[in-house]
Structure formats: structure tokens, C-alpha cells
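What follows is a short report on a single structure.
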Amino acid sequence: MAWLSLKVLLVGVSFLGCLYPLVDFFFSGETRGQKPNFVIILADDMGWGDLGTNWAETKDTVNLDKMAAEGMRFVDFHAAASTCSPSRASLLTGRLGLRNGVTHNFAVTSVGGLPLNETTLAEVLREAGYITGMIGKWHLGHHSSYHPNFRGFDYYFGIPYSHDMGCTDTPGYNHPPCPACPRGDRPPRSPERDCHTDVALPLYENLNIVEQPVNLSGLAQKYAEKATQFIQRASTSRRPFLLYVGLAHMHVPFTRTPLAAGPQDGTPYASGLREMDSLVGHIKDRVDRTAKENTFLWFTGDNGPWAQKCELAGSVGPFTGLWQAQQGGSPAKQTTWEGGHRVPAVAYWPGRVPINVTSTALLSVLDIFPTVVALAGAGLPPDRRFDGLDASNVLFGRSQTGHRPHGNFESRAVSPQQWGSWTVRSPTDCPSGALQGLLHHRWSQSL
């Protein structure tokens with residue numbers, strides 16, 4: 001075990017000692033006034049069809065379905081990227097990866113992260129007087145100034161990257177299965193290509209490792225407890241708060257814990273979906289008991305399901321990418337096919353967001369940043385371009401118009417034809433130099 005302890009020490013030492021100031025979870029007695037609180041919950045690798053109100057075949061999201069019935073469900077909501085780090089960077093900056101510099105996932109060995117010249121949502125709201133907290137998966141850099149405590153979050157509790165990026169004593173369900181951390185002085189057995197056995201998975205509270213390796217069977221319970229504690233303490237402080245929860249679900253590996261209500265049989269994925277739904281229910285219940293009328297809760301996903309995980313992957317619903325699948329490819333995560341970036345989304349704010357509404361507005365994870373900033377009465381950083389829009393009018397039922405759709409198609413000879421509220425035109429319909437195969441939206445008809 002000595003070799004593993006040394007590597008664990010090397011990973012953890014950069015978060016300890018005199019390199020960082022002491023970060024306290026401290027609340028002052030300032031008055032909140034009318035500024036709203038925000039709880040943003042981001043699921044991991046959850047398919048559009050994993051939400052029961054989206055897809056009748058799904059029966060495992062009772063709490064989320066209830067939240068949709070009490071709020072607004074978005075059926076044309078999209079991640080900013082079809083993989084983890086770029087999608088999360090876009091949520092926290094309101095900018096596409098080509099602008100914010102994050103176009104690929106960060107690894108355990110990555111020394112960098114979200115570029116330090118990017119301003120996060122937490123930094124903007126903290127300047128506006130908010131208490132800011134983050135629970136769960138970060139995946140935007142874990143060394144030095146890239147740590148969440150230095151990117152605007154007063155409090156952090158979670159795993160700094162995906163929970164399959166390190167060994168544990170309780171590895172859970174994965175495909176292919178990964179081994180537990182090696183014991184004693186024995187070297188690890190040859191792992192599968194996607195298994196990590198050289199570093200034990202760490203769990204951080206602010207700058208300190210509080211558990212290593214993480215016991216995954218108790219992780220959902222810990223996240224629920226820390227999230228509800230944060231909401232309670234922030235509400236008691238009478239200051240507005242931002243809580244960003246990056247769930248481990250529905251990313252592999254899966255475990256089963258007491259949080260997962262429902263039948264004891266079924267697939268590991270269904271059990272994990274119930275566990276995630278229960279965790280979200282715990283957070284919503286705490287919001288309802290402490291700050292219901294003044295808290296906006298927004299649930300969505302970072303990208304589509306990881307199809308390569310076979311029975312451990314979620315449902316894309318009707319967005320099966322038939323042509324792609326027939327070629328032996330995936331229409332989901334890590335692709336630009338619909339199932340890779342169309343994600344479930346629900347907004348909940350009693351008295352502000354109308355109840356039991358299904359919105360067809362074209363919206364994106366990119367819109368969270370400008371919408372939250374506007375609702376908080378703060379200002380966007382003036383020295384950069386943003387790719388999202390303020391979706392307040394959609395959220396409050398005053399509009400069904402989101403982004404203006406646009407796109408281009410493979411160049412081929414097709415005659416102009418109607419496709420719902422769209423017009424498909426061939427290259428011969430376009431003037432010289434125009435983009436070929438443009439898709440023109442007919443604004444005289446609704447989306």
C-alpha cells in the first residue's frame with residue numbers, strides 16, 4: 001500500500017499547508033432584501049428520456065416529475081457540449097468552449113483548468129452579496145487557483161472530477177468492471193483501459209481531503225446532507241445564496257444506497273436513477289421548508305447518456321440517431337447528434353414560474369448564466385461576449401421564444417420543402433457565396 005499512499009500524498013499535498021488561505025464557511029448578518037436565491041442542479045450523463053414526464057417508459061423520477069408538475073418543463077433544452085468539462089465550463093461562464101478555452105475534458109493529471117481570465121457565475125454573484133456554495137463534481141481543474149474555492153465558491157464539498165477517475169474500495173457497477181484499490185504492497189492487476197487504479201478517489205471539503213478513497217455507497221447521502229445544511233445555514237444568515245450541485249448521477253459507476261426508494265429489484269441504472277431522484281427531492285424539500293417563495297431551482301443535465309456503457313447508459317428518448325446507429329456509431333454523449341446534447345430541464349419557483357407548463361422554447365445551458373445574473377440584479381462582465389440569453393420571459397410565461405434556430409446541412413441536391421415550421425433549401429436556392437443547405441425558420445409559425 002506504500003506506493004499508493006505516496007501517490008495519494010502527491011495529489012493531496014497541493015491543497016494543504018501554506019499554499020492557500022484558510023477558507024471558512026462563514027455567514028454574516030446582512031439583510032437579504034428581495035434578491036432571490038438560486039439552486040442549480042446538474043445531472044451527469046442523464047438522457048432526455050430518463051425524465052418520466054419526457055418519456056412514458058421511465059417510471060423512476062417521481063420527485064422530478066412532481067417538480068415539473070409544480071413548475072416548467074423544457075423539451076427543447078440543450079447542453080453547450082456533449083461531454084463533461086466543456087459543458088460545465090459553459091454553464092459557469094455563459095460562453096462556448098471556443099471562447100472560454102475548455103474544449104476537452106480535464107484528466108486527473110491535468111495541471112490546469114478553466115482559464116483564470118474567465119469570470120464564473122459564482123464570482124459575479126459573490127460580488128453582488130451572495131453566499132456561494134458548490135456540492136459535487138467540479139471537473140474544471142483541481143490544482144492551485146483552479147480549485148472551486150478560488151473560482152468564486154465560498155464553500156465546496158465534492159469530488160474534483162468524475163467519480164470513475166480514481167480507485168475506491170467500493171467500485172460499484174461499471175462496464176467494463178473496474179477493480180477496487182489494491183491492498184497491501186501488491187501492485188494492481190492489469191486494469192481495463194478506462195479504469196484508474198494509480199490514485200485513490202479523493203473527497204474534498206473546501207481545501208482538505210476528508211475521505212480517500214471515497215466510499216461511493218455513501219456519497220449520495222453525504223451530498224444530500226451537505227446541500228441541505230448549506231441551504232439551511234444560508235437561509236438563517238438572511239443573505240441570498242447560490243448553490244450549484246454537480247451530481248455524480250447518472251455517470252458510472254453505480255451503487256445502491258438507502259436514498260434510492262422503490263423496488264429492490266431492477267437494473268443498476270434504474271436504481272441509480274431513483275437514488276438521484278431522491279437526492280433532488282431532499283434538496284427541493286429543504287428549499288420548500290426554508291425559502292420556498294424566494295428560491296429559483298433549475299435542474300438540467302451536462303450531456304446525453306454514455307451509450308458505450310450499454311445497459312448502464314440512459315435513454316435518449318426518441319432522439320435515437322437512426323442513421324448514425326445503423327453505421328455502428330453512437331447518437332449520444334461525445335457526439336453532436338441530438339441525443340448527445342438535448343437534455344432534460346425543469347424550472348421551479350413557486351409564485352414566479354407558472355405551474356405545469358411545458359415550454360418548447362429553444363434554450364441552452366448557456367442561458368443559465370445571463371438569466372441568473374439578470375434575476376440577481378447583477379451585471380454581466382463587460383469585457384467579453386456571451387453566447388447565452390436572458391430567458392426570464394420564457395421562465396415567467398411571457399414568451400415561448402428562445403434562441404433563433406440556425407444550422408447547415410450536408411450539401412446535396414434537394415428541392416425546397418416544408419419540414420414542420422422550417423423550410424429546407426438546397427444549395428441551388430442560395431445566392432453565390434451563401435452557406436449551402438441553410439435551414440430557414442418561418443417566423444410566421446410557432447416553434
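We name chains A, B, ... following the order of the C-alpha cells; residues begin at 1 in each chain, and ligands are numbered from 1 as shown.
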Using DSSP assignments from the backbone, pull out every residue in segment 87-328 of chain A that falls under strand (DSSP E) and give it to me as a PyMOL selection string. chain A and resi 131-136+155-158+203-205+208-211+241-246+295-301
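The residue set within 6 Å of segment 345-347 of chain A, counting only C-alpha atoms and dropping same-chain residues fewer than 2 places from it, reads A:Ala68, A:Gly71, A:Met72, A:Arg73, A:Phe74, A:Leu297, A:Trp298, A:Phe299, A:Thr300.
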Write the residues of the preceding selection, restricted to C-alpha atoms, as a JSON list (two decimals), in the first residue's frame.
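Once written, result24.json looks like this:
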[["chain", "number", "residue", "atom", "x", "y", "z"],
["A", 68, "ALA", "CA", -42.18, 19.56, -13.33],
["A", 71, "GLY", "CA", -43.11, 24.29, -12.40],
["A", 72, "MET", "CA", -41.97, 24.40, -16.03],
["A", 73, "ARG", "CA", -40.53, 21.60, -18.14],
["A", 74, "PHE", "CA", -38.37, 22.35, -21.18],
["A", 297, "LEU", "CA", -34.42, 25.89, -8.60],
["A", 298, "TRP", "CA", -33.14, 24.88, -12.03],
["A", 299, "PHE", "CA", -32.46, 21.22, -12.88],
["A", 300, "THR", "CA", -30.78, 20.04, -16.08]]
Spatial neighbours of segment 335-343 of chain A, 7 Å, only C-alpha atoms, chain gap at least 3 places, as an MDAnalysis selection string: chainID A and resid 47:48 76:79 81:82 300:301 303:304 316 319:321 331:332
For the residues in that selection, give me C-alpha atoms as a PDB file, in the first residue's frame.
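Resulting contents of selection-v1.pdb:
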ATOM      1  CA  GLY A  47     -30.617  11.137 -21.079  1.00  0.00           C
ATOM      2  CA  TRP A  48     -33.574  13.205 -22.252  1.00  0.00           C
ATOM      3  CA  ASP A  76     -36.009  21.657 -26.364  1.00  0.00           C
ATOM      4  CA  PHE A  77     -33.214  22.348 -23.894  1.00  0.00           C
ATOM      5  CA  HIS A  78     -29.597  21.661 -24.864  1.00  0.00           C
ATOM      6  CA  ALA A  79     -26.198  21.263 -23.269  1.00  0.00           C
ATOM      7  CA  ALA A  81     -21.263  20.487 -25.301  1.00  0.00           C
ATOM      8  CA  SER A  82     -21.708  16.726 -25.353  1.00  0.00           C
ATOM      9  CA  THR A 300     -30.779  20.040 -16.080  1.00  0.00           C
ATOM     10  CA  GLY A 301     -28.000  17.794 -17.440  1.00  0.00           C
ATOM     11  CA  ASN A 303     -24.861  15.985 -21.827  1.00  0.00           C
ATOM     12  CA  GLY A 304     -26.635  12.890 -23.074  1.00  0.00           C
ATOM     13  CA  VAL A 316     -32.205   9.384 -25.400  1.00  0.00           C
ATOM     14  CA  PHE A 319     -33.633  11.025 -30.465  1.00  0.00           C
ATOM     15  CA  THR A 320     -32.078   7.737 -31.497  1.00  0.00           C
ATOM     16  CA  GLY A 321     -29.974   8.976 -34.420  1.00  0.00           C
ATOM     17  CA  PRO A 331     -26.133   9.092 -31.177  1.00  0.00           C
ATOM     18  CA  ALA A 332     -25.496  10.168 -27.592  1.00  0.00           C
TER      19      ALA A 332
END
Which polymer residues have any atom within 6 Å of an atom of segment 200-208 of chain A, counting only C-alpha atoms, with same-chain residues fewer than 5 positions away left out, as a PyMOL selection string? chain A and resi 15+155-159+166-167+213-214
Could you pull out the alpha helix (DSSP H) residues of segment 171-269 of chain A, going by DSSP on the backbone, and write them as a PyMOL selection string? chain A and resi 219-237+268-269
Output file for the selection above: N, CA, C and O atoms, as a PDB file, in the first residue's frame:
ATOM      1  N   LEU A 219     -21.974   8.257  -0.861  1.00  0.00           N
ATOM      2  CA  LEU A 219     -21.722   9.578  -1.434  1.00  0.00           C
ATOM      3  C   LEU A 219     -23.011  10.381  -1.635  1.00  0.00           C
ATOM      4  O   LEU A 219     -23.062  11.579  -1.311  1.00  0.00           O
ATOM      5  N   ALA A 220     -24.065   9.755  -2.146  1.00  0.00           N
ATOM      6  CA  ALA A 220     -25.316  10.477  -2.378  1.00  0.00           C
ATOM      7  C   ALA A 220     -25.884  11.018  -1.070  1.00  0.00           C
ATOM      8  O   ALA A 220     -26.388  12.148  -1.016  1.00  0.00           O
ATOM      9  N   GLN A 221     -25.791  10.235  -0.012  1.00  0.00           N
ATOM     10  CA  GLN A 221     -26.273  10.683   1.290  1.00  0.00           C
ATOM     11  C   GLN A 221     -25.475  11.882   1.787  1.00  0.00           C
ATOM     12  O   GLN A 221     -26.037  12.853   2.311  1.00  0.00           O
ATOM     13  N   LYS A 222     -24.164  11.831   1.596  1.00  0.00           N
ATOM     14  CA  LYS A 222     -23.319  12.967   2.013  1.00  0.00           C
ATOM     15  C   LYS A 222     -23.678  14.231   1.222  1.00  0.00           C
ATOM     16  O   LYS A 222     -23.762  15.320   1.782  1.00  0.00           O
ATOM     17  N   TYR A 223     -23.874  14.079  -0.088  1.00  0.00           N
ATOM     18  CA  TYR A 223     -24.230  15.240  -0.909  1.00  0.00           C
ATOM     19  C   TYR A 223     -25.565  15.835  -0.460  1.00  0.00           C
ATOM     20  O   TYR A 223     -25.721  17.064  -0.387  1.00  0.00           O
ATOM     21  N   ALA A 224     -26.533  14.982  -0.166  1.00  0.00           N
ATOM     22  CA  ALA A 224     -27.838  15.463   0.289  1.00  0.00           C
ATOM     23  C   ALA A 224     -27.702  16.223   1.606  1.00  0.00           C
ATOM     24  O   ALA A 224     -28.287  17.299   1.786  1.00  0.00           O
ATOM     25  N   GLU A 225     -26.919  15.673   2.523  1.00  0.00           N
ATOM     26  CA  GLU A 225     -26.745  16.317   3.828  1.00  0.00           C
ATOM     27  C   GLU A 225     -26.041  17.666   3.700  1.00  0.00           C
ATOM     28  O   GLU A 225     -26.457  18.655   4.307  1.00  0.00           O
ATOM     29  N   LYS A 226     -24.974  17.717   2.919  1.00  0.00           N
ATOM     30  CA  LYS A 226     -24.225  18.970   2.774  1.00  0.00           C
ATOM     31  C   LYS A 226     -25.042  20.037   2.043  1.00  0.00           C
ATOM     32  O   LYS A 226     -24.982  21.223   2.392  1.00  0.00           O
ATOM     33  N   ALA A 227     -25.811  19.614   1.032  1.00  0.00           N
ATOM     34  CA  ALA A 227     -26.629  20.573   0.301  1.00  0.00           C
ATOM     35  C   ALA A 227     -27.722  21.160   1.194  1.00  0.00           C
ATOM     36  O   ALA A 227     -27.952  22.375   1.201  1.00  0.00           O
ATOM     37  N   THR A 228     -28.399  20.314   1.961  1.00  0.00           N
ATOM     38  CA  THR A 228     -29.466  20.809   2.825  1.00  0.00           C
ATOM     39  C   THR A 228     -28.908  21.648   3.967  1.00  0.00           C
ATOM     40  O   THR A 228     -29.527  22.639   4.373  1.00  0.00           O
ATOM     41  N   GLN A 229     -27.729  21.298   4.468  1.00  0.00           N
ATOM     42  CA  GLN A 229     -27.093  22.124   5.505  1.00  0.00           C
ATOM     43  C   GLN A 229     -26.742  23.502   4.970  1.00  0.00           C
ATOM     44  O   GLN A 229     -26.937  24.522   5.650  1.00  0.00           O
ATOM     45  N   PHE A 230     -26.221  23.539   3.756  1.00  0.00           N
ATOM     46  CA  PHE A 230     -25.873  24.828   3.160  1.00  0.00           C
ATOM     47  C   PHE A 230     -27.114  25.708   3.013  1.00  0.00           C
ATOM     48  O   PHE A 230     -27.095  26.905   3.348  1.00  0.00           O
ATOM     49  N   ILE A 231     -28.194  25.139   2.483  1.00  0.00           N
ATOM     50  CA  ILE A 231     -29.430  25.904   2.297  1.00  0.00           C
ATOM     51  C   ILE A 231     -29.947  26.420   3.636  1.00  0.00           C
ATOM     52  O   ILE A 231     -30.354  27.585   3.765  1.00  0.00           O
ATOM     53  N   GLN A 232     -29.908  25.561   4.660  1.00  0.00           N
ATOM     54  CA  GLN A 232     -30.404  25.970   5.973  1.00  0.00           C
ATOM     55  C   GLN A 232     -29.558  27.093   6.562  1.00  0.00           C
ATOM     56  O   GLN A 232     -30.084  28.100   7.051  1.00  0.00           O
ATOM     57  N   ARG A 233     -28.256  26.943   6.519  1.00  0.00           N
ATOM     58  CA  ARG A 233     -27.375  27.950   7.119  1.00  0.00           C
ATOM     59  C   ARG A 233     -27.418  29.258   6.327  1.00  0.00           C
ATOM     60  O   ARG A 233     -27.384  30.345   6.919  1.00  0.00           O
ATOM     61  N   ALA A 234     -27.479  29.157   5.015  1.00  0.00           N
ATOM     62  CA  ALA A 234     -27.554  30.369   4.205  1.00  0.00           C
ATOM     63  C   ALA A 234     -28.866  31.105   4.451  1.00  0.00           C
ATOM     64  O   ALA A 234     -28.898  32.341   4.532  1.00  0.00           O
ATOM     65  N   SER A 235     -29.965  30.363   4.574  1.00  0.00           N
ATOM     66  CA  SER A 235     -31.257  30.988   4.842  1.00  0.00           C
ATOM     67  C   SER A 235     -31.265  31.667   6.203  1.00  0.00           C
ATOM     68  O   SER A 235     -31.816  32.762   6.364  1.00  0.00           O
ATOM     69  N   THR A 236     -30.639  31.028   7.192  1.00  0.00           N
ATOM     70  CA  THR A 236     -30.565  31.605   8.530  1.00  0.00           C
ATOM     71  C   THR A 236     -29.765  32.895   8.536  1.00  0.00           C
ATOM     72  O   THR A 236     -30.030  33.815   9.308  1.00  0.00           O
ATOM     73  N   SER A 237     -28.783  32.983   7.647  1.00  0.00           N
ATOM     74  CA  SER A 237     -27.920  34.167   7.592  1.00  0.00           C
ATOM     75  C   SER A 237     -28.639  35.392   7.047  1.00  0.00           C
ATOM     76  O   SER A 237     -28.145  36.507   7.185  1.00  0.00           O
ATOM     77  N   PRO A 268     -29.276  -1.841 -12.340  1.00  0.00           N
ATOM     78  CA  PRO A 268     -28.467  -0.845 -11.624  1.00  0.00           C
ATOM     79  C   PRO A 268     -28.748   0.576 -12.090  1.00  0.00           C
ATOM     80  O   PRO A 268     -28.721   1.505 -11.290  1.00  0.00           O
ATOM     81  N   TYR A 269     -29.043   0.748 -13.381  1.00  0.00           N
ATOM     82  CA  TYR A 269     -29.321   2.102 -13.861  1.00  0.00           C
ATOM     83  C   TYR A 269     -30.617   2.635 -13.263  1.00  0.00           C
ATOM     84  O   TYR A 269     -30.679   3.792 -12.828  1.00  0.00           O
TER      85      TYR A 269
END
Show me, as an mmCIF file with N, CA and C atoms, in the first residue's frame, the residues that have an atom within 7 Å of segment 130-145 of chain A when counting only C-alpha atoms, minus same-chain residues fewer than 3 positions from it.
data_model
loop_
_atom_site.group_PDB
_atom_site.id
_atom_site.type_symbol
_atom_site.label_atom_id
_atom_site.label_comp_id
_atom_site.auth_asym_id
_atom_site.auth_seq_id
_atom_site.Cartn_x
_atom_site.Cartn_y
_atom_site.Cartn_z
ATOM 1 N N SER A 14 -0.925 19.507 -2.693
ATOM 2 C CA SER A 14 -1.087 20.839 -3.263
ATOM 3 C C SER A 14 -2.278 21.580 -2.675
ATOM 4 N N SER A 85 -16.430 18.403 -19.036
ATOM 5 C CA SER A 85 -15.770 19.670 -18.705
ATOM 6 C C SER A 85 -16.240 20.836 -19.566
ATOM 7 N N ALA A 89 -18.027 24.179 -18.017
ATOM 8 C CA ALA A 89 -17.392 25.487 -18.205
ATOM 9 C C ALA A 89 -18.374 26.474 -18.822
ATOM 10 N N PHE A 106 -10.868 17.554 -18.602
ATOM 11 C CA PHE A 106 -9.637 17.564 -17.816
ATOM 12 C C PHE A 106 -9.420 16.185 -17.200
ATOM 13 N N VAL A 111 -2.822 19.795 -15.022
ATOM 14 C CA VAL A 111 -2.337 20.802 -14.069
ATOM 15 C C VAL A 111 -3.106 22.112 -14.208
ATOM 16 N N GLY A 112 -3.863 22.257 -15.284
ATOM 17 C CA GLY A 112 -4.643 23.469 -15.496
ATOM 18 C C GLY A 112 -6.116 23.231 -15.289
ATOM 19 N N GLY A 113 -6.932 24.154 -15.812
ATOM 20 C CA GLY A 113 -8.373 24.064 -15.672
ATOM 21 C C GLY A 113 -9.031 25.188 -16.433
ATOM 22 N N LEU A 114 -10.233 25.560 -16.010
ATOM 23 C CA LEU A 114 -10.919 26.696 -16.611
ATOM 24 C C LEU A 114 -10.003 27.906 -16.535
ATOM 25 N N ALA A 122 -20.380 32.186 -10.015
ATOM 26 C CA ALA A 122 -20.201 32.351 -8.578
ATOM 27 C C ALA A 122 -19.471 33.649 -8.248
ATOM 28 N N LEU A 125 -21.948 36.603 -8.651
ATOM 29 C CA LEU A 125 -22.941 36.696 -7.583
ATOM 30 C C LEU A 125 -22.301 37.011 -6.232
ATOM 31 N N ARG A 126 -21.118 36.526 -5.999
ATOM 32 C CA ARG A 126 -20.459 36.861 -4.732
ATOM 33 C C ARG A 126 -20.186 38.359 -4.652
ATOM 34 N N PHE A 150 -11.334 29.003 -5.234
ATOM 35 C CA PHE A 150 -10.681 30.154 -5.846
ATOM 36 C C PHE A 150 -11.369 30.586 -7.141
ATOM 37 N N PHE A 153 -16.500 30.237 -5.205
ATOM 38 C CA PHE A 153 -17.323 29.482 -4.272
ATOM 39 C C PHE A 153 -16.763 29.583 -2.851
ATOM 40 N N ASP A 154 -17.599 30.095 -1.933
ATOM 41 C CA ASP A 154 -17.206 30.201 -0.535
ATOM 42 C C ASP A 154 -17.057 28.828 0.105
ATOM 43 N N TYR A 155 -17.858 27.890 -0.356
ATOM 44 C CA TYR A 155 -17.847 26.544 0.229
ATOM 45 C C TYR A 155 -17.852 25.510 -0.885
ATOM 46 N N TYR A 156 -17.064 24.442 -0.693
ATOM 47 C CA TYR A 156 -17.034 23.342 -1.647
ATOM 48 C C TYR A 156 -16.985 22.021 -0.905
ATOM 49 N N PHE A 157 -17.791 21.064 -1.379
ATOM 50 C CA PHE A 157 -17.745 19.692 -0.877
ATOM 51 C C PHE A 157 -17.990 18.775 -2.064
ATOM 52 N N GLY A 158 -17.010 17.946 -2.396
ATOM 53 C CA GLY A 158 -17.232 17.050 -3.517
ATOM 54 C C GLY A 158 -15.963 16.423 -4.044
ATOM 55 N N ILE A 159 -16.128 15.744 -5.172
ATOM 56 C CA ILE A 159 -15.023 15.097 -5.882
ATOM 57 C C ILE A 159 -14.618 16.034 -7.016
ATOM 58 N N PRO A 160 -13.324 16.321 -7.182
ATOM 59 C CA PRO A 160 -12.918 17.361 -8.130
ATOM 60 C C PRO A 160 -13.052 16.970 -9.596
ATOM 61 N N TYR A 161 -13.415 15.735 -9.891
ATOM 62 C CA TYR A 161 -13.613 15.283 -11.267
ATOM 63 C C TYR A 161 -14.610 14.133 -11.242
ATOM 64 N N SER A 162 -14.728 13.374 -12.310
ATOM 65 C CA SER A 162 -15.679 12.270 -12.352
ATOM 66 C C SER A 162 -15.306 11.195 -11.338
ATOM 67 N N TYR A 223 -23.874 14.079 -0.088
ATOM 68 C CA TYR A 223 -24.230 15.240 -0.909
ATOM 69 C C TYR A 223 -25.565 15.835 -0.460
ATOM 70 N N ALA A 227 -25.811 19.614 1.032
ATOM 71 C CA ALA A 227 -26.629 20.573 0.301
ATOM 72 C C ALA A 227 -27.722 21.160 1.194
ATOM 73 N N ARG A 239 -28.881 36.249 4.036
ATOM 74 C CA ARG A 239 -28.243 36.717 2.815
ATOM 75 C C ARG A 239 -28.674 35.823 1.666
ATOM 76 N N PRO A 240 -28.731 36.344 0.437
ATOM 77 C CA PRO A 240 -29.078 35.497 -0.706
ATOM 78 C C PRO A 240 -27.964 34.494 -0.973
ATOM 79 N N PHE A 241 -28.318 33.375 -1.581
ATOM 80 C CA PHE A 241 -27.307 32.347 -1.815
ATOM 81 C C PHE A 241 -27.439 31.737 -3.199
ATOM 82 N N LEU A 242 -26.302 31.232 -3.681
ATOM 83 C CA LEU A 242 -26.219 30.397 -4.882
ATOM 84 C C LEU A 242 -25.674 29.051 -4.462
ATOM 85 N N LEU A 243 -26.401 27.983 -4.762
ATOM 86 C CA LEU A 243 -25.916 26.625 -4.548
ATOM 87 C C LEU A 243 -25.905 25.910 -5.886
ATOM 88 N N TYR A 244 -24.721 25.458 -6.287
ATOM 89 C CA TYR A 244 -24.547 24.695 -7.517
ATOM 90 C C TYR A 244 -24.213 23.262 -7.135
ATOM 91 N N VAL A 245 -25.060 22.313 -7.556
ATOM 92 C CA VAL A 245 -24.886 20.901 -7.217
ATOM 93 C C VAL A 245 -24.561 20.126 -8.485
ATOM 94 N N GLY A 246 -23.347 19.599 -8.566
ATOM 95 C CA GLY A 246 -22.941 18.761 -9.690
ATOM 96 C C GLY A 246 -23.063 17.296 -9.290
ATOM 97 N N LEU A 247 -24.168 16.679 -9.651
ATOM 98 C CA LEU A 247 -24.439 15.309 -9.229
ATOM 99 C C LEU A 247 -23.440 14.313 -9.832
ATOM 100 N N ALA A 248 -23.192 13.233 -9.094
ATOM 101 C CA ALA A 248 -22.434 12.117 -9.660
ATOM 102 C C ALA A 248 -23.314 11.302 -10.602
#
When distances are computed from only C-alpha atoms, which of A:Ala291, A:Cys195, A:Leu98, A:Val252 shows the smallest separation from His163 of chain A?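 When distances to His163 of chain A are compared using only C-alpha atoms, the smallest one comes from A:Val252.
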Measure the distance from atom CA of Asp44 of chain A to atom CA of His147 of chain A in Å and round it to one decimal.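 Separation between atom CA of Asp44 of chain A and atom CA of His147 of chain A: 19.7 Å.
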Could you give me, as a PyMOL selection string, the residues within 7 Å of segment 383-387 of chain A, counting only C-alpha atoms and dropping anything in the same chain fewer than 3 positions from it? chain A and resi 94-96+366
Neighbour list for segment 176-178 of chain A as a PyMOL selection string, cut-off 12 Å, only C-alpha atoms, skip fewer than 3 positions in-chain: chain A and resi 164-173+181-182+188-197+252-254+308-312
Using only C-alpha atoms for the distances, tell me which of A:Glu70, A:Asp65, A:Glu123, A:Glu57 is nearest to Ala378 of chain A.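 Of all the options, A:Glu123 lies closest to Ala378 of chain A.
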I'd like the interatomic distance between atom CA of Gly388 of chain A and atom CA of Val108 of chain A, to a tenth of an Å.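 Atom CA of Gly388 of chain A sits 29.7 Å away from atom CA of Val108 of chain A.
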From A:Gly218, A:Pro382, A:Gly377, A:Gly314, residue lying nearest His251 of chain A [only C-alpha atoms]: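 Ranked by minimum distance to His251 of chain A, first place goes to A:Gly314.
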In Å, with one decimal, what is the gap from atom CA of Thr83 of chain A to atom CA of Val102 of chain A?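 Between these atoms lies a distance of 10.8 Å.
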